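Working notes for the structure below.
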Amino acid sequence: MPEVDLPADVARGLTTFVDAATAALGPDLVAIVLFGSAAEGRMRATSDVNLVIVATRFEPSRLDALREPLRLGRALIRLSAMLLLESEVEAAAEAFAVKFADIGARHRLLAGRDPFATLQPTRAAMLVRLKQVLLNFILRTRERYALVSLREEQLVPVVADAAGPLRSAAALMLTLEGRTAPSPKQALETLAGEIGGARWVDALSRLSQAREQVVLPPGTGAATTLGLIDLAQALRERAEQLS
């Protein structure tokens, strides 16, 4: 296991899974890659443990042997795994450029050889996908707000779930603008400040609170959700100016 700051139970569970997956896939395994907040040592209460498992093929009997390790990992450490053929890596990077740009920027190799060391989606693909991610977030979050906003406690996961797409989109937008930030969180804060000054300070603070503590101050859920939709719309308008 690489040196990364993980909670002890997550580190144990991840080691157990990697050993089991390596045995299950055998010579077909190309890589097991950890990405996202866990790869940075920035896990929070609501964080998943995100993996990409790359193989030359997923032969049915070997895939069946992976079932129980996956089920156990999901139950114990919120493990989520993308199963990707080596031949699909470049196509997936073009189709899901925001996610793979994020994977390229922050990942740790747990087993095998690194298929993402030099992978870079094209600028055109990143720009198209950036706009898609932001529009999808706006539409999906607007629907969730309409469905659950009468019960404020149900808005907490809506707000927490906004962290992934908004922060990844902001980090990619800075990349497309020829800039960087120490983390996706800081990328989002940087762009929000540039676009709106203090307009979204409270919404971003509550976003972090919902993600880290799984709670929001009473009476703030609706305003926070609508504020994040407003921020996403502003980011999308900025993305439209890129070429």
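Going by the structure tokens order, chains are called A, B, ..., each with residues numbered from 1, while ligands are numbered from 1 in the order shown.
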
- Task: Give me every alpha helix (DSSP H) residue in range 74-225 of chain A, going by DSSP on the backbone, as a ChimeraX atom specification.
- Result: /A:74-77,89-95,97-105,123-148,155-161,163-176,184-196,201-213,221-225

Next, dump the selected residues to file, keeping only C-alpha atoms, as a tab-separated table (two decimals), in the first residue's frame.
chain	number	residue	atom	x	y	z
A	74	ARG	CA	-18.93	-1.71	0.12
A	75	ALA	CA	-20.43	-2.72	3.47
A	76	LEU	CA	-17.36	-2.02	5.59
A	77	ILE	CA	-15.63	0.98	4.02
A	89	VAL	CA	-9.13	3.44	-20.82
A	90	GLU	CA	-8.60	6.03	-23.56
A	91	ALA	CA	-12.24	5.94	-24.70
A	92	ALA	CA	-13.47	6.29	-21.13
A	93	ALA	CA	-11.16	9.25	-20.56
A	94	GLU	CA	-12.67	11.02	-23.58
A	95	ALA	CA	-16.27	10.14	-22.66
A	97	ALA	CA	-13.24	13.70	-19.16
A	98	VAL	CA	-14.06	15.47	-15.86
A	99	LYS	CA	-13.80	12.25	-13.85
A	100	PHE	CA	-10.65	11.06	-15.60
A	101	ALA	CA	-8.97	14.46	-15.37
A	102	ASP	CA	-9.63	14.22	-11.63
A	103	ILE	CA	-8.30	10.65	-11.51
A	104	GLY	CA	-5.17	11.73	-13.35
A	105	ALA	CA	-4.60	14.60	-10.93
A	123	ARG	CA	-9.14	19.71	-24.35
A	124	ALA	CA	-12.24	19.41	-26.54
A	125	ALA	CA	-13.48	16.40	-24.58
A	126	MET	CA	-12.80	18.09	-21.24
A	127	LEU	CA	-14.69	21.21	-22.26
A	128	VAL	CA	-17.71	19.29	-23.55
A	129	ARG	CA	-17.84	17.09	-20.48
A	130	LEU	CA	-17.38	20.06	-18.14
A	131	LYS	CA	-20.50	21.70	-19.53
A	132	GLN	CA	-22.40	18.40	-19.34
A	133	VAL	CA	-21.45	17.80	-15.71
A	134	LEU	CA	-22.54	21.27	-14.65
A	135	LEU	CA	-25.83	21.10	-16.54
A	136	ASN	CA	-26.53	17.62	-15.19
A	137	PHE	CA	-25.84	18.84	-11.66
A	138	ILE	CA	-28.22	21.78	-12.09
A	139	LEU	CA	-31.06	19.63	-13.44
A	140	ARG	CA	-30.60	16.78	-10.98
A	141	THR	CA	-30.27	19.04	-7.92
A	142	ARG	CA	-33.25	21.15	-8.93
A	143	GLU	CA	-35.35	17.99	-9.12
A	144	ARG	CA	-34.09	16.72	-5.77
A	145	TYR	CA	-34.86	20.09	-4.18
A	146	ALA	CA	-38.43	19.98	-5.50
A	147	LEU	CA	-38.88	16.44	-4.20
A	148	VAL	CA	-37.48	16.69	-0.67
A	155	LEU	CA	-31.52	18.18	1.96
A	156	VAL	CA	-28.34	17.34	3.89
A	157	PRO	CA	-27.29	14.53	1.50
A	158	VAL	CA	-28.31	16.69	-1.46
A	159	VAL	CA	-25.88	19.37	-0.30
A	160	ALA	CA	-23.15	16.84	0.59
A	161	ASP	CA	-23.45	15.17	-2.81
A	163	ALA	CA	-19.17	18.48	-3.42
A	164	GLY	CA	-18.02	15.90	-5.97
A	165	PRO	CA	-19.33	17.39	-9.23
A	166	LEU	CA	-18.85	21.05	-8.31
A	167	ARG	CA	-15.31	20.66	-6.99
A	168	SER	CA	-14.20	18.40	-9.85
A	169	ALA	CA	-15.72	20.79	-12.39
A	170	ALA	CA	-13.97	23.76	-10.78
A	171	ALA	CA	-10.60	21.99	-10.77
A	172	LEU	CA	-11.00	21.12	-14.45
A	173	MET	CA	-12.07	24.68	-15.29
A	174	LEU	CA	-8.90	26.04	-13.72
A	175	THR	CA	-6.88	23.50	-15.72
A	176	LEU	CA	-8.56	24.64	-18.93
A	184	PRO	CA	-10.65	20.65	-5.91
A	185	LYS	CA	-12.20	22.27	-2.83
A	186	GLN	CA	-9.89	25.27	-3.14
A	187	ALA	CA	-10.49	25.40	-6.89
A	188	LEU	CA	-14.21	25.82	-6.25
A	189	GLU	CA	-13.63	28.45	-3.58
A	190	THR	CA	-11.27	30.33	-5.90
A	191	LEU	CA	-13.71	30.44	-8.81
A	192	ALA	CA	-16.68	31.26	-6.59
A	193	GLY	CA	-14.78	34.20	-5.15
A	194	GLU	CA	-13.68	35.45	-8.56
A	195	ILE	CA	-17.17	35.25	-10.02
A	196	GLY	CA	-19.32	36.35	-7.11
A	201	VAL	CA	-19.35	31.96	0.98
A	202	ASP	CA	-22.14	30.68	3.22
A	203	ALA	CA	-23.25	28.03	0.73
A	204	LEU	CA	-19.70	26.68	0.39
A	205	SER	CA	-19.21	26.66	4.15
A	206	ARG	CA	-22.40	24.64	4.57
A	207	LEU	CA	-21.38	22.36	1.73
A	208	SER	CA	-18.25	21.46	3.70
A	209	GLN	CA	-20.28	21.06	6.89
A	210	ALA	CA	-22.79	18.73	5.24
A	211	ARG	CA	-20.00	16.63	3.75
A	212	GLU	CA	-17.83	16.47	6.85
A	213	GLN	CA	-20.41	16.41	9.67
A	221	GLY	CA	-30.88	23.60	3.81
A	222	ALA	CA	-33.10	25.22	1.20
A	223	ALA	CA	-31.01	28.37	0.81
A	224	THR	CA	-27.81	26.31	0.59
A	225	THR	CA	-29.19	24.00	-2.09

- Message: So that I can check the secondary structure, give me every residue of range 33-240 of chain A assigned strand (DSSP E or B) by backbone DSSP, as a ChimeraX atom specification.
- Response: /A:33-35,49-55,79-85,107-112

Could you take the residues named above and write them with N, CA and C atoms, as a PDB file, in the first residue's frame?
ATOM      1  N   VAL A  33      -6.322   1.183  -8.726  1.00  0.00           N
ATOM      2  CA  VAL A  33      -5.966   2.577  -8.504  1.00  0.00           C
ATOM      3  C   VAL A  33      -6.977   3.216  -7.568  1.00  0.00           C
ATOM      4  N   LEU A  34      -6.484   3.862  -6.534  1.00  0.00           N
ATOM      5  CA  LEU A  34      -7.302   4.630  -5.596  1.00  0.00           C
ATOM      6  C   LEU A  34      -7.350   6.073  -6.072  1.00  0.00           C
ATOM      7  N   PHE A  35      -8.546   6.671  -6.101  1.00  0.00           N
ATOM      8  CA  PHE A  35      -8.630   8.069  -6.510  1.00  0.00           C
ATOM      9  C   PHE A  35      -9.621   8.823  -5.630  1.00  0.00           C
ATOM     10  N   VAL A  49     -14.732   5.228  -0.741  1.00  0.00           N
ATOM     11  CA  VAL A  49     -13.394   4.792  -1.137  1.00  0.00           C
ATOM     12  C   VAL A  49     -13.498   4.400  -2.604  1.00  0.00           C
ATOM     13  N   ASN A  50     -12.968   5.231  -3.482  1.00  0.00           N
ATOM     14  CA  ASN A  50     -13.154   5.063  -4.921  1.00  0.00           C
ATOM     15  C   ASN A  50     -11.950   4.385  -5.560  1.00  0.00           C
ATOM     16  N   LEU A  51     -12.223   3.324  -6.317  1.00  0.00           N
ATOM     17  CA  LEU A  51     -11.179   2.579  -7.005  1.00  0.00           C
ATOM     18  C   LEU A  51     -11.498   2.456  -8.488  1.00  0.00           C
ATOM     19  N   VAL A  52     -10.453   2.343  -9.287  1.00  0.00           N
ATOM     20  CA  VAL A  52     -10.574   1.852 -10.653  1.00  0.00           C
ATOM     21  C   VAL A  52      -9.792   0.549 -10.722  1.00  0.00           C
ATOM     22  N   ILE A  53     -10.467  -0.505 -11.170  1.00  0.00           N
ATOM     23  CA  ILE A  53      -9.808  -1.789 -11.380  1.00  0.00           C
ATOM     24  C   ILE A  53      -9.692  -1.989 -12.889  1.00  0.00           C
ATOM     25  N   VAL A  54      -8.469  -2.071 -13.377  1.00  0.00           N
ATOM     26  CA  VAL A  54      -8.218  -2.220 -14.803  1.00  0.00           C
ATOM     27  C   VAL A  54      -7.713  -3.640 -15.059  1.00  0.00           C
ATOM     28  N   ALA A  55      -8.301  -4.286 -16.058  1.00  0.00           N
ATOM     29  CA  ALA A  55      -7.908  -5.660 -16.392  1.00  0.00           C
ATOM     30  C   ALA A  55      -7.831  -5.827 -17.898  1.00  0.00           C
ATOM     31  N   LEU A  79     -16.721   1.144  -0.185  1.00  0.00           N
ATOM     32  CA  LEU A  79     -15.885   0.985  -1.358  1.00  0.00           C
ATOM     33  C   LEU A  79     -16.733   0.993  -2.626  1.00  0.00           C
ATOM     34  N   SER A  80     -16.286   1.747  -3.629  1.00  0.00           N
ATOM     35  CA  SER A  80     -16.951   1.800  -4.918  1.00  0.00           C
ATOM     36  C   SER A  80     -15.891   1.589  -5.991  1.00  0.00           C
ATOM     37  N   ALA A  81     -16.126   0.632  -6.895  1.00  0.00           N
ATOM     38  CA  ALA A  81     -15.102   0.280  -7.873  1.00  0.00           C
ATOM     39  C   ALA A  81     -15.637   0.386  -9.293  1.00  0.00           C
ATOM     40  N   MET A  82     -14.871   1.041 -10.161  1.00  0.00           N
ATOM     41  CA  MET A  82     -15.126   1.054 -11.594  1.00  0.00           C
ATOM     42  C   MET A  82     -14.303  -0.076 -12.209  1.00  0.00           C
ATOM     43  N   LEU A  83     -14.947  -0.956 -12.962  1.00  0.00           N
ATOM     44  CA  LEU A  83     -14.265  -2.090 -13.583  1.00  0.00           C
ATOM     45  C   LEU A  83     -14.040  -1.751 -15.055  1.00  0.00           C
ATOM     46  N   LEU A  84     -12.795  -1.598 -15.436  1.00  0.00           N
ATOM     47  CA  LEU A  84     -12.457  -1.027 -16.732  1.00  0.00           C
ATOM     48  C   LEU A  84     -11.467  -1.933 -17.457  1.00  0.00           C
ATOM     49  N   LEU A  85     -11.768  -2.249 -18.697  1.00  0.00           N
ATOM     50  CA  LEU A  85     -10.811  -2.966 -19.525  1.00  0.00           C
ATOM     51  C   LEU A  85      -9.670  -2.036 -19.929  1.00  0.00           C
ATOM     52  N   HIS A 107      -4.467  10.390  -7.729  1.00  0.00           N
ATOM     53  CA  HIS A 107      -4.668   8.952  -7.597  1.00  0.00           C
ATOM     54  C   HIS A 107      -3.425   8.300  -6.998  1.00  0.00           C
ATOM     55  N   ARG A 108      -3.618   7.102  -6.483  1.00  0.00           N
ATOM     56  CA  ARG A 108      -2.529   6.308  -5.932  1.00  0.00           C
ATOM     57  C   ARG A 108      -2.627   4.895  -6.479  1.00  0.00           C
ATOM     58  N   LEU A 109      -1.520   4.388  -6.963  1.00  0.00           N
ATOM     59  CA  LEU A 109      -1.482   3.024  -7.485  1.00  0.00           C
ATOM     60  C   LEU A 109      -1.371   2.049  -6.316  1.00  0.00           C
ATOM     61  N   LEU A 110      -2.320   1.121  -6.223  1.00  0.00           N
ATOM     62  CA  LEU A 110      -2.316   0.138  -5.147  1.00  0.00           C
ATOM     63  C   LEU A 110      -1.773  -1.214  -5.599  1.00  0.00           C
ATOM     64  N   ALA A 111      -1.914  -1.523  -6.886  1.00  0.00           N
ATOM     65  CA  ALA A 111      -1.407  -2.790  -7.413  1.00  0.00           C
ATOM     66  C   ALA A 111      -1.216  -2.651  -8.911  1.00  0.00           C
ATOM     67  N   GLY A 112      -0.228  -3.361  -9.461  1.00  0.00           N
ATOM     68  CA  GLY A 112      -0.008  -3.367 -10.892  1.00  0.00           C
ATOM     69  C   GLY A 112       0.786  -2.167 -11.371  1.00  0.00           C
TER      70      GLY A 112
END

Name the residues in contact with range 7-19 of chain A at a cut-off of 6 Å, using only C-alpha atoms, excluding same-chain residues fewer than 2 positions from it; report them as a PDB file with C-alpha atoms, in the first residue's frame.
ATOM      1  CA  ALA A  21      -8.949  -8.662  -5.945  1.00  0.00           C
ATOM      2  CA  THR A  22      -5.372  -9.465  -6.929  1.00  0.00           C
ATOM      3  CA  PRO A  69     -14.730  -8.856  -1.797  1.00  0.00           C
ATOM      4  CA  ILE A  77     -15.635   0.985   4.022  1.00  0.00           C
TER       5      ILE A  77
END

Which polymer residues have any atom within 10 Å of an atom of Leu66 in chain A, counting only C-alpha atoms, with same-chain residues fewer than 2 positions away left out, as an mmCIF file with C-alpha atoms, in the first residue's frame?
data_model
loop_
_atom_site.group_PDB
_atom_site.id
_atom_site.type_symbol
_atom_site.label_atom_id
_atom_site.label_comp_id
_atom_site.auth_asym_id
_atom_site.auth_seq_id
_atom_site.Cartn_x
_atom_site.Cartn_y
_atom_site.Cartn_z
ATOM 1 C CA PHE A 17 -9.773 -5.923 -0.753
ATOM 2 C CA ALA A 20 -8.573 -10.454 -2.604
ATOM 3 C CA ALA A 21 -8.949 -8.662 -5.945
ATOM 4 C CA THR A 22 -5.372 -9.465 -6.929
ATOM 5 C CA ALA A 23 -6.000 -13.141 -6.204
ATOM 6 C CA ALA A 24 -9.388 -13.143 -7.965
ATOM 7 C CA LEU A 25 -8.238 -11.505 -11.209
ATOM 8 C CA PRO A 60 -16.773 -14.617 -15.823
ATOM 9 C CA SER A 61 -15.298 -16.990 -13.251
ATOM 10 C CA ARG A 62 -12.742 -14.389 -12.137
ATOM 11 C CA LEU A 63 -15.424 -11.697 -12.015
ATOM 12 C CA ASP A 64 -17.550 -14.022 -9.875
ATOM 13 C CA GLU A 68 -17.783 -11.123 -2.239
ATOM 14 C CA PRO A 69 -14.730 -8.856 -1.797
ATOM 15 C CA LEU A 70 -16.686 -6.056 -3.487
ATOM 16 C CA ARG A 71 -19.781 -6.643 -1.354
#

- Message: Measuring between only C-alpha atoms, which one of A:Pro217, A:Leu29, A:Leu242, A:Thr180 shows the shortest distance to Arg113 in chain A?
- Response: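 For Arg113 in chain A, the nearest of the candidates is A:Leu29.
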
- Task: To one decimal in Å, tell me the separation between CA of Val215 in chain A and CA of Gly41 in chain A.
- Result: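 Rounded to one decimal, the two atoms are 21.9 Å apart.
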
- Item | Separation of CA of Phe96 in chain A from CA of Arg57 in chain A in Å |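 It comes out at 20.8 Å.
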
- Message: Quick check, in Å to one decimal: how far apart do CA of Ala39 in chain A and CA of Arg67 in chain A lie?
- Response: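 For CA of Ala39 in chain A relative to CA of Arg67 in chain A, the distance reads 23.4 Å.
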